[in-house]
file coords13.tsv (TSV, C-alpha atoms)
chain	number	residue	atom	x	y	z
A	1	MET	CA	224.33	24.35	43.89
A	2	PRO	CA	227.08	26.38	42.13
A	3	ARG	CA	230.27	27.30	43.93
A	4	PHE	CA	229.88	30.69	45.58
A	5	ASP	CA	233.13	31.16	47.52
A	6	LEU	CA	236.80	31.46	46.60
A	7	ASP	CA	238.41	29.18	44.02
A	8	PRO	CA	240.24	26.12	45.42
A	9	GLU	CA	243.69	27.67	44.83
A	10	GLN	CA	242.63	30.84	46.64
A	11	LEU	CA	241.21	28.81	49.52
A	12	ARG	CA	244.49	26.99	50.07
A	13	ALA	CA	246.28	30.33	50.52
A	14	TYR	CA	243.52	32.18	52.38
A	15	ARG	CA	244.74	33.67	55.69
A	16	PRO	CA	242.61	36.72	56.51
A	17	ASP	CA	243.24	39.16	59.32
A	18	VAL	CA	240.84	38.37	62.17
A	19	ALA	CA	240.08	40.66	65.09
A	20	GLU	CA	241.63	39.31	68.27
A	21	PRO	CA	241.00	41.00	71.63
A	22	ALA	CA	244.11	41.99	73.58
A	23	ASP	CA	242.80	40.10	76.61
A	24	PHE	CA	241.76	36.96	74.69
A	25	ASP	CA	244.09	34.62	76.61
A	26	GLU	CA	243.34	36.22	79.97
A	27	PHE	CA	239.60	35.98	79.33
A	28	TRP	CA	239.81	32.26	78.65
A	29	SER	CA	242.31	31.38	81.36
A	30	THR	CA	240.15	33.17	83.93
A	31	THR	CA	236.99	31.52	82.61
A	32	LEU	CA	238.46	28.03	82.76
A	33	ALA	CA	240.09	28.51	86.15
A	34	ALA	CA	236.81	29.65	87.71
A	35	SER	CA	234.90	26.63	86.40
A	36	ARG	CA	237.66	24.15	87.20
A	37	ALA	CA	237.59	25.42	90.78
A	38	LYS	CA	233.96	24.24	91.01
A	39	ALA	CA	234.44	20.93	89.19
A	40	GLU	CA	233.77	17.57	90.79
A	41	PRO	CA	234.84	14.14	89.50
A	42	ALA	CA	232.66	12.78	86.73
A	43	ARG	CA	229.89	10.41	87.77
A	44	LEU	CA	229.45	7.27	85.67
A	45	ASN	CA	226.37	5.07	85.90
A	46	ARG	CA	226.47	1.87	83.92
A	47	VAL	CA	223.48	1.50	81.60
A	48	ASP	CA	221.55	-1.75	81.22
A	49	SER	CA	221.69	-1.98	77.44
A	50	PRO	CA	221.06	-4.58	74.74
A	51	LEU	CA	224.51	-3.71	73.37
A	52	ARG	CA	226.88	-6.60	74.03
A	53	THR	CA	230.20	-5.58	72.48
A	54	VAL	CA	230.44	-2.23	74.27
A	55	ASP	CA	229.98	-1.05	77.82
A	56	VAL	CA	227.73	2.00	78.13
A	57	PHE	CA	227.80	4.63	80.87
A	58	ASP	CA	225.53	7.60	81.50
A	59	VAL	CA	228.01	10.33	82.43
A	60	THR	CA	227.55	13.57	84.33
A	61	PHE	CA	230.51	15.94	84.62
A	62	SER	CA	231.01	19.52	85.77
A	63	GLY	CA	230.95	22.15	83.04
A	64	TYR	CA	230.85	25.92	83.09
A	65	ASP	CA	230.28	27.29	86.61
A	66	GLY	CA	230.02	23.71	87.91
A	67	ASP	CA	226.82	23.07	85.92
A	68	PRO	CA	226.08	19.36	85.39
A	69	ILE	CA	226.62	18.27	81.77
A	70	SER	CA	225.43	14.93	80.43
A	71	GLY	CA	227.12	12.57	78.03
A	72	TRP	CA	227.40	8.97	76.92
A	73	LEU	CA	230.63	7.08	77.49
A	74	THR	CA	231.03	3.90	75.46
A	75	ARG	CA	234.05	1.62	75.41
A	76	PRO	CA	234.84	-1.91	74.26
A	77	ALA	CA	233.20	-4.43	76.56
A	78	GLY	CA	235.51	-5.75	79.24
A	79	ALA	CA	238.46	-3.54	78.24
A	80	ARG	CA	241.05	-3.44	81.01
A	81	GLU	CA	244.07	-1.55	79.73
A	82	PRO	CA	244.06	2.26	79.67
A	83	LEU	CA	242.19	3.17	76.51
A	84	PRO	CA	242.71	6.09	74.14
A	85	VAL	CA	239.72	8.44	74.16
A	86	VAL	CA	237.74	10.36	71.56
A	87	VAL	CA	235.64	13.24	72.91
A	88	GLU	CA	232.94	14.22	70.42
A	89	TYR	CA	230.78	17.36	70.23
A	90	ASN	CA	227.45	17.62	68.48
A	91	GLY	CA	225.91	19.69	65.69
A	92	TYR	CA	223.63	22.67	66.20
A	93	ASN	CA	220.45	21.97	68.19
A	94	GLY	CA	221.08	18.24	68.41
A	95	GLY	CA	221.24	16.36	71.70
A	96	ARG	CA	223.29	13.43	72.90
A	97	GLY	CA	220.57	11.09	71.66
A	98	LEU	CA	220.83	7.40	72.54
A	99	PRO	CA	223.97	5.31	73.11
A	100	HIS	CA	223.48	2.98	70.16
A	101	GLU	CA	223.67	5.99	67.83
A	102	HIS	CA	227.36	6.50	68.70
A	103	LEU	CA	229.17	3.18	68.36
A	104	ALA	CA	231.85	3.58	65.71
A	105	TRP	CA	234.69	4.77	67.95
A	106	ALA	CA	234.07	2.20	70.67
A	107	ALA	CA	233.83	-0.51	68.02
A	108	SER	CA	237.28	0.62	66.86
A	109	GLY	CA	238.89	0.17	70.26
A	110	TYR	CA	238.53	3.65	71.72
A	111	ALA	CA	236.65	4.97	74.69
A	112	HIS	CA	234.20	7.55	73.37
A	113	LEU	CA	232.55	10.41	75.23
A	114	PHE	CA	229.69	12.06	73.35
A	115	MET	CA	228.89	15.37	75.06
A	116	ASP	CA	225.40	16.78	75.30
A	117	THR	CA	225.21	20.48	74.37
A	118	ARG	CA	223.61	22.59	77.09
A	119	GLY	CA	220.18	23.94	76.24
A	120	GLN	CA	220.06	22.20	72.86
A	121	GLY	CA	218.66	18.90	71.70
A	122	SER	CA	215.18	19.62	70.44
A	123	GLY	CA	215.79	20.41	66.78
A	124	TRP	CA	216.60	16.97	65.34
A	125	GLY	CA	217.69	13.48	66.38
A	126	THR	CA	216.52	11.82	69.59
A	127	GLY	CA	216.97	14.64	72.08
A	128	GLY	CA	219.21	16.05	74.77
A	129	SER	CA	219.02	16.25	78.54
A	130	THR	CA	221.27	19.14	79.67
A	131	PRO	CA	219.65	22.48	80.59
A	132	ASP	CA	221.39	25.85	80.40
A	133	PRO	CA	220.51	27.54	83.71
A	134	HIS	CA	222.04	30.91	82.80
A	135	GLY	CA	219.75	33.65	81.54
A	136	THR	CA	220.65	36.26	78.94
A	137	GLY	CA	219.24	39.51	77.58
A	138	PRO	CA	217.16	39.94	74.43
A	139	SER	CA	218.15	37.61	71.60
A	140	ALA	CA	216.96	36.32	68.25
A	141	ALA	CA	215.45	32.84	68.10
A	142	GLY	CA	218.17	30.20	68.48
A	143	TYR	CA	221.47	30.26	70.40
A	144	MET	CA	223.77	32.48	68.37
A	145	THR	CA	222.76	35.79	69.94
A	146	ARG	CA	222.19	34.76	73.55
A	147	GLY	CA	224.21	37.19	75.66
A	148	ILE	CA	225.88	38.58	72.55
A	149	LEU	CA	226.49	42.07	73.94
A	150	ASP	CA	229.09	40.90	76.45
A	151	PRO	CA	231.61	38.05	76.05
A	152	ALA	CA	231.15	37.19	79.73
A	153	ASP	CA	227.47	36.46	79.08
A	154	TYR	CA	227.71	34.89	75.63
A	155	TYR	CA	226.22	31.43	75.22
A	156	TYR	CA	229.33	29.88	73.66
A	157	ARG	CA	231.47	30.89	76.62
A	158	ARG	CA	229.56	28.25	78.51
A	159	VAL	CA	229.58	25.67	75.72
A	160	PHE	CA	233.31	25.97	74.98
A	161	THR	CA	234.06	25.70	78.69
A	162	ASP	CA	231.90	22.56	78.84
A	163	GLY	CA	233.95	21.16	75.97
A	164	VAL	CA	237.28	21.73	77.72
A	165	LEU	CA	235.99	20.29	80.99
A	166	ALA	CA	234.77	17.21	79.10
A	167	VAL	CA	238.43	16.56	78.29
A	168	ASP	CA	239.33	17.15	81.94
A	169	ALA	CA	236.59	14.71	82.96
A	170	VAL	CA	237.74	11.77	80.83
A	171	ARG	CA	241.31	12.32	82.01
A	172	GLY	CA	240.08	11.52	85.52
A	173	VAL	CA	238.25	8.29	84.67
A	174	ASP	CA	239.88	4.98	85.61
A	175	GLY	CA	240.79	2.85	82.63
A	176	LEU	CA	241.17	5.80	80.23
A	177	ASP	CA	244.57	7.11	79.14
A	178	PRO	CA	244.80	10.84	79.99
A	179	GLU	CA	247.68	11.28	77.55
A	180	ARG	CA	245.76	9.94	74.55
A	181	VAL	CA	242.69	12.14	74.17
A	182	ALA	CA	241.45	13.39	70.79
A	183	VAL	CA	238.54	15.73	70.01
A	184	THR	CA	236.16	15.75	67.08
A	185	GLY	CA	232.76	16.93	65.92
A	186	GLY	CA	230.81	18.08	62.89
A	187	SER	CA	229.48	21.57	62.15
A	188	GLN	CA	228.89	23.17	65.58
A	189	GLY	CA	230.73	20.17	67.03
A	190	GLY	CA	233.67	20.95	64.76
A	191	GLY	CA	233.70	24.53	65.99
A	192	ILE	CA	233.70	23.32	69.60
A	193	ALA	CA	236.53	20.90	68.80
A	194	ILE	CA	238.61	23.77	67.39
A	195	ALA	CA	237.99	25.87	70.49
A	196	VAL	CA	238.90	22.99	72.79
A	197	ALA	CA	242.06	22.28	70.79
A	198	GLY	CA	243.10	25.89	71.35
A	199	LEU	CA	242.36	25.79	75.08
A	200	ALA	CA	243.22	22.26	76.28
A	201	ASP	CA	246.81	21.08	76.58
A	202	GLY	CA	248.21	17.76	75.43
A	203	LEU	CA	245.59	16.54	72.97
A	204	VAL	CA	246.73	13.80	70.64
A	205	ALA	CA	244.60	15.05	67.72
A	206	ALA	CA	241.73	17.28	66.61
A	207	MET	CA	239.32	16.35	63.82
A	208	PRO	CA	236.95	19.24	62.94
A	209	ASP	CA	234.42	18.19	60.31
A	210	VAL	CA	232.81	21.00	58.20
A	211	PRO	CA	233.28	23.27	61.26
A	212	PHE	CA	230.97	26.12	62.25
A	213	LEU	CA	231.82	29.20	64.37
A	214	CYS	CA	234.80	30.39	62.32
A	215	LEU	CA	235.48	33.80	60.76
A	216	PHE	CA	232.20	35.30	61.93
A	217	GLU	CA	232.31	38.59	60.05
A	218	ARG	CA	232.77	36.92	56.67
A	219	ALA	CA	230.28	34.13	57.37
A	220	VAL	CA	227.54	36.47	58.56
A	221	GLY	CA	227.90	38.62	55.43
A	222	MET	CA	228.25	35.74	52.98
A	223	THR	CA	225.63	33.10	53.73
A	224	GLY	CA	221.88	33.42	53.85
A	225	ARG	CA	221.52	30.24	55.88
A	226	ASP	CA	221.00	29.64	59.57
A	227	PRO	CA	222.51	29.62	62.13
A	228	TYR	CA	224.61	32.60	60.97
A	229	GLN	CA	221.41	34.32	59.84
A	230	GLU	CA	220.34	34.52	63.48
A	231	ILE	CA	223.02	37.21	63.88
A	232	VAL	CA	221.80	38.98	60.75
A	233	ARG	CA	218.23	39.04	62.05
A	234	TYR	CA	219.39	40.35	65.42
A	235	LEU	CA	221.44	43.17	63.86
A	236	SER	CA	218.62	44.06	61.47
A	237	VAL	CA	216.70	45.11	64.59
A	238	HIS	CA	219.55	46.25	66.86
A	239	ARG	CA	221.19	48.45	64.24
A	240	ASP	CA	223.37	50.34	66.69
A	241	GLN	CA	225.04	47.24	68.15
A	242	VAL	CA	227.13	46.00	65.21
A	243	ASP	CA	230.53	46.87	66.69
A	244	GLN	CA	229.58	45.48	70.09
A	245	VAL	CA	228.31	42.21	68.61
A	246	PHE	CA	231.42	41.55	66.56
A	247	ARG	CA	233.66	42.49	69.47
A	248	THR	CA	231.95	39.77	71.52
A	249	LEU	CA	232.23	37.26	68.69
A	250	SER	CA	235.98	37.88	68.39
A	251	TYR	CA	236.44	36.07	71.71
A	252	PHE	CA	234.79	32.97	70.19
A	253	ASP	CA	236.15	32.92	66.64
A	254	GLY	CA	237.56	29.56	65.64
A	255	VAL	CA	240.41	31.24	63.77
A	256	ASN	CA	241.75	32.68	67.02
A	257	PHE	CA	241.55	29.30	68.75
A	258	ALA	CA	243.15	27.58	65.76
A	259	ALA	CA	246.22	29.80	66.04
A	260	ARG	CA	246.74	28.45	69.58
A	261	ALA	CA	246.16	24.78	68.75
A	262	THR	CA	249.19	22.52	68.41
A	263	ALA	CA	247.72	19.00	68.16
A	264	PRO	CA	247.82	17.40	64.69
A	265	ALA	CA	244.54	18.15	62.93
A	266	LEU	CA	242.44	16.69	60.15
A	267	PHE	CA	239.82	19.09	58.80
A	268	SER	CA	237.13	18.51	56.23
A	269	VAL	CA	235.37	21.07	54.06
A	270	ALA	CA	232.56	20.91	51.52
A	271	LEU	CA	233.04	23.36	48.68
A	272	LEU	CA	229.29	23.84	48.10
A	273	ASP	CA	228.57	24.37	51.80
A	274	GLN	CA	226.41	27.46	52.37
A	275	VAL	CA	226.00	26.77	56.11
A	276	CYS	CA	229.74	26.93	56.84
A	277	PRO	CA	231.31	28.62	53.79
A	278	PRO	CA	234.57	26.99	52.64
A	279	SER	CA	236.67	30.11	53.17
A	280	THR	CA	235.69	30.20	56.85
A	281	VAL	CA	236.89	26.61	57.29
A	282	TYR	CA	240.12	27.25	55.42
A	283	ALA	CA	240.74	30.37	57.51
A	284	ALA	CA	240.85	28.17	60.63
A	285	ARG	CA	242.88	25.41	59.00
A	286	ASN	CA	245.42	27.82	57.48
A	287	ASN	CA	245.95	29.51	60.85
A	288	TRP	CA	246.34	26.24	62.78
A	289	GLY	CA	249.29	26.36	65.16
A	290	GLY	CA	250.40	22.79	64.41
A	291	THR	CA	250.19	20.49	61.40
A	292	ALA	CA	246.76	20.44	59.78
A	293	ASP	CA	245.58	18.41	56.80
A	294	ILE	CA	242.25	19.05	55.10
A	295	VAL	CA	239.99	16.94	52.90
A	296	ASP	CA	237.93	18.75	50.26
A	297	TYR	CA	234.55	17.47	49.10
A	298	PRO	CA	234.08	19.51	45.90
A	299	PHE	CA	230.48	18.48	45.16
A	300	ASN	CA	228.99	18.31	48.64
A	301	GLU	CA	227.07	20.78	50.73
A	302	HIS	CA	227.03	20.82	54.52
A	303	GLU	CA	226.72	17.04	54.79
A	304	GLY	CA	230.37	16.85	53.75
A	305	GLY	CA	231.98	13.43	53.53
A	306	LEU	CA	229.76	11.59	56.05
A	307	GLY	CA	230.94	7.99	56.46
A	308	GLU	CA	233.89	8.43	54.11
A	309	GLN	CA	235.23	11.21	56.32
A	310	TRP	CA	234.88	9.05	59.42
A	311	LEU	CA	237.05	6.39	57.77
A	312	ARG	CA	239.67	9.05	57.05
A	313	GLN	CA	239.48	10.20	60.65
A	314	ALA	CA	239.91	6.68	61.99
A	315	ARG	CA	243.01	6.10	59.85
A	316	PHE	CA	244.41	9.51	60.75
A	317	LEU	CA	243.90	9.00	64.48
A	318	ALA	CA	245.44	5.52	64.40
A	319	GLU	CA	248.48	7.01	62.67
A	320	VAL	CA	249.02	10.00	64.97
A	321	ASP	CA	248.24	8.03	68.13
A	322	GLY	CA	250.55	5.22	67.07
A	323	ALA	CA	253.36	7.72	66.46
A	324	ARG	CA	253.35	8.89	70.09

call {"tool": "encode", "arguments": {"input": "coords13.tsv", "output": "structure tokens"}}
result
Amino acid sequence: MPRFDLDPEQLRAYRPDVAEPADFDEFWSTTLAASRAKAEPARLNRVDSPLRTVDVFDVTFSGYDGDPISGWLTRPAGAREPLPVVVEYNGYNGGRGLPHEHLAWAASGYAHLFMDTRGQGSGWGTGGSTPDPHGTGPSAAGYMTRGILDPADYYYRRVFTDGVLAVDAVRGVDGLDPERVAVTGGSQGGGIAIAVAGLADGLVAAMPDVPFLCLFERAVGMTGRDPYQEIVRYLSVHRDQVDQVFRTLSYFDGVNFAARATAPALFSVALLDQVCPPSTVYAARNNWGGTADIVDYPFNEHEGGLGEQWLRQARFLAEVDGAR
């Protein structure tokens, strides 16, 4: 796969103008306040598991509009002191899967909440269990255009709210340190992590891995790959709705959230990635409101650095958490 985006030197300096609604902050503060008003404490049910070095809990917490959101919480077995926490978000159309699929953070001494993504979980992996009870108007197949004519109805309003309330939830769990919460995720999960970092206060770190949902207008016009192509297919039919669609997407653009994020960040980007083009990732990183490092994988596509990137994340998080 040849490189198709900007040269590395251009990427490092790339800071495009991105449409930002005048009421962006009001929209999100109102959204979060309404859902927080309906939130209840997270419910944890210990799971009878063959895993012996970690404790496993089936978690249900309140997300958007008080909707129940599922997740797995794992932590070192028998841990008693308040633990630092990593909240992780999943890739597009994957579910929370099974607890033994998410052990690395708990094995490293952290509590780890892996959030299910509402309505998703039937495209790959071992499934999800969280419905999305909110209907939308006509949309293309997939999730990218659900409710896309109005930011109040858009699918990712609910998902990003779920992500912020996942942080709220772990901050209320006994034995977890509310001042030492980091967020991470790959692809869609990276996009959610960026949004949460821009909306949630006091995070110790953010680690977006080959993030999705950034710089929509460029991504939609540049890549021929899904999920961005869902928007292309929608607009190829609804030809008169272009301005309305991109106005909605401006409320959910990772670049706008990045500008509001202050936690130290470690990004990754794959320079042959046609799912999340490198310039869209760099646009978010270069607009980050705090310090933000980035790791390039020059010869990888959307798989990025895989296990090597996790090792970098673990070292990065140990460093920034230890510096607090």

call {"tool": "closest_atom_pairs", "arguments": {"input": "coords13.tsv", "of": "stretch 82-153 of chain A", "to": "stretch 58-74 of chain A", "cutoff": "8 Å", "atoms": "only C-alpha atoms", "output": "tab-separated table"}}
result
residue	atom	partner	partner_atom	distance
A:Arg96	CA	A:Gly71	CA	6.5
A:Pro99	CA	A:Trp72	CA	6.3
A:Leu103	CA	A:Thr74	CA	7.4
A:Ala106	CA	A:Thr74	CA	5.9
A:Ala111	CA	A:Thr74	CA	5.8
A:His112	CA	A:Thr74	CA	5.3
A:Leu113	CA	A:Leu73	CA	4.5
A:Phe114	CA	A:Trp72	CA	5.2
A:Met115	CA	A:Gly71	CA	4.4
A:Asp116	CA	A:Gly71	CA	5.3
A:Thr117	CA	A:Ile69	CA	7.9
A:Arg118	CA	A:Ile69	CA	7.0
A:Ser129	CA	A:Ser70	CA	6.8
A:Thr130	CA	A:Ile69	CA	5.8

call {"tool": "residues_near_point", "arguments": {"input": "coords13.tsv", "point": "(219.0, 21.9, 73.4)", "cutoff": "8 Å", "atoms": "only C-alpha atoms", "output": "list in words"}}
result
Asn93, Gly94, Gly95, Thr117, Arg118, Gly119, Gln120, Gly121, Ser122, Gly123, Gly127, Gly128, Ser129, Thr130 and Pro131 of chain A

call {"tool": "residues_near_point", "arguments": {"input": "coords13.tsv", "point": "(240.7, 7.4, 73.2)", "cutoff": "7 Å", "atoms": "only C-alpha atoms", "output": "number ranges by chain"}}
result
A: 83-86, 110-112, 180-182

call {"tool": "closest_residue", "arguments": {"input": "coords13.tsv", "among": "A:Asp55, A:Asp150, A:Asp209, A:Asp7", "to": "A:Gly305", "atoms": "only C-alpha atoms"}}
result
A:Asp209

call {"tool": "closest_residue", "arguments": {"input": "coords13.tsv", "among": "A:Val220, A:Leu203, A:Val210, A:Ile231", "to": "A:Gln309", "atoms": "only C-alpha atoms"}}
result
A:Val210

call {"tool": "atom_distance", "arguments": {"input": "coords13.tsv", "atom1": "atom CA of A:Gly185", "atom2": "atom CA of A:Val56"}}
result
19.9 Å

call {"tool": "residues_around", "arguments": {"input": "coords13.tsv", "residues": "A:Arg315", "least_positions_apart": "4", "cutoff": "12 Å", "atoms": "all atoms listed in the file", "output": "list in words"}}
result
Trp105, Ser108, Met207, Leu266, Glu308, Gln309, Trp310, Leu311, Glu319, Val320, Asp321 and Gly322 of chain A

call {"tool": "build_atoms", "arguments": {"input": "coords13.tsv", "residues": "stretch 155-166 of chain A", "atoms": "all heavy atoms", "output": "short mmCIF file (atom, residue, chain, number, x, y, z; two decimals), keeping the file's coordinate frame"}}
result
data_model
loop_
_atom_site.label_atom_id
_atom_site.label_comp_id
_atom_site.auth_asym_id
_atom_site.auth_seq_id
_atom_site.Cartn_x
_atom_site.Cartn_y
_atom_site.Cartn_z
N TYR A 155 226.58 32.85 75.12
CA TYR A 155 226.22 31.43 75.22
C TYR A 155 227.42 30.51 75.00
O TYR A 155 227.63 29.53 75.73
CB TYR A 155 225.12 31.12 74.21
CG TYR A 155 224.77 29.66 74.06
CD1 TYR A 155 224.06 28.98 75.04
CD2 TYR A 155 225.18 28.95 72.93
CE1 TYR A 155 223.75 27.63 74.90
CE2 TYR A 155 224.87 27.61 72.77
CZ TYR A 155 224.16 26.95 73.77
OH TYR A 155 223.86 25.62 73.62
N TYR A 156 228.25 30.80 73.97
CA TYR A 156 229.33 29.88 73.66
C TYR A 156 230.49 29.96 74.65
O TYR A 156 231.35 29.07 74.64
CB TYR A 156 229.79 30.07 72.21
CG TYR A 156 228.85 29.38 71.25
CD1 TYR A 156 227.88 30.08 70.55
CD2 TYR A 156 228.88 27.99 71.10
CE1 TYR A 156 226.99 29.44 69.71
CE2 TYR A 156 227.99 27.34 70.26
CZ TYR A 156 227.05 28.06 69.56
OH TYR A 156 226.17 27.41 68.73
N ARG A 157 230.52 30.95 75.51
CA ARG A 157 231.47 30.89 76.62
C ARG A 157 231.19 29.66 77.47
O ARG A 157 232.11 28.95 77.90
CB ARG A 157 231.38 32.15 77.47
CG ARG A 157 232.40 32.19 78.61
CD ARG A 157 232.13 33.35 79.53
NE ARG A 157 233.18 33.49 80.54
CZ ARG A 157 233.00 34.02 81.75
NH1 ARG A 157 231.80 34.49 82.10
NH2 ARG A 157 233.99 34.10 82.60
N ARG A 158 229.94 29.41 77.71
CA ARG A 158 229.56 28.25 78.51
C ARG A 158 229.81 26.94 77.76
O ARG A 158 230.34 25.98 78.32
CB ARG A 158 228.09 28.39 78.94
CG ARG A 158 227.82 29.70 79.69
CD ARG A 158 226.45 29.76 80.32
NE ARG A 158 225.34 29.92 79.39
CZ ARG A 158 224.98 31.08 78.86
NH1 ARG A 158 225.66 32.19 79.11
NH2 ARG A 158 223.92 31.15 78.06
N VAL A 159 229.44 26.91 76.49
CA VAL A 159 229.58 25.67 75.72
C VAL A 159 231.05 25.30 75.53
O VAL A 159 231.44 24.13 75.69
CB VAL A 159 228.88 25.82 74.36
CG1 VAL A 159 229.17 24.61 73.46
CG2 VAL A 159 227.38 25.97 74.54
N PHE A 160 231.89 26.28 75.19
CA PHE A 160 233.31 25.97 74.98
C PHE A 160 233.96 25.53 76.30
O PHE A 160 234.83 24.64 76.30
CB PHE A 160 234.05 27.17 74.41
CG PHE A 160 233.69 27.51 72.97
CD1 PHE A 160 234.17 28.66 72.39
CD2 PHE A 160 232.89 26.68 72.21
CE1 PHE A 160 233.86 28.99 71.08
CE2 PHE A 160 232.56 26.99 70.90
CZ PHE A 160 233.06 28.15 70.33
N THR A 161 233.55 26.14 77.39
CA THR A 161 234.06 25.70 78.69
C THR A 161 233.63 24.27 78.98
O THR A 161 234.43 23.44 79.45
CB THR A 161 233.59 26.64 79.80
OG1 THR A 161 234.06 27.97 79.52
CG2 THR A 161 234.11 26.21 81.16
N ASP A 162 232.36 23.95 78.70
CA ASP A 162 231.90 22.56 78.84
C ASP A 162 232.79 21.62 78.05
O ASP A 162 233.15 20.52 78.51
CB ASP A 162 230.46 22.41 78.35
CG ASP A 162 229.44 23.20 79.14
OD1 ASP A 162 229.75 23.64 80.27
OD2 ASP A 162 228.32 23.39 78.61
N GLY A 163 233.14 22.02 76.82
CA GLY A 163 233.95 21.16 75.97
C GLY A 163 235.32 20.89 76.54
O GLY A 163 235.82 19.76 76.50
N VAL A 164 235.96 21.92 77.10
CA VAL A 164 237.28 21.73 77.72
C VAL A 164 237.16 20.85 78.96
O VAL A 164 237.98 19.93 79.17
CB VAL A 164 237.91 23.08 78.08
CG1 VAL A 164 239.20 22.88 78.86
CG2 VAL A 164 238.19 23.91 76.82
N LEU A 165 236.14 21.08 79.76
CA LEU A 165 235.99 20.29 80.99
C LEU A 165 235.56 18.86 80.70
O LEU A 165 235.78 17.97 81.53
CB LEU A 165 235.03 20.98 81.95
CG LEU A 165 235.74 21.93 82.95
CD1 LEU A 165 236.46 23.07 82.24
CD2 LEU A 165 234.78 22.47 83.98
N ALA A 166 235.01 18.60 79.52
CA ALA A 166 234.77 17.21 79.10
C ALA A 166 236.09 16.48 78.95
O ALA A 166 236.22 15.30 79.32
CB ALA A 166 233.98 17.17 77.80
#
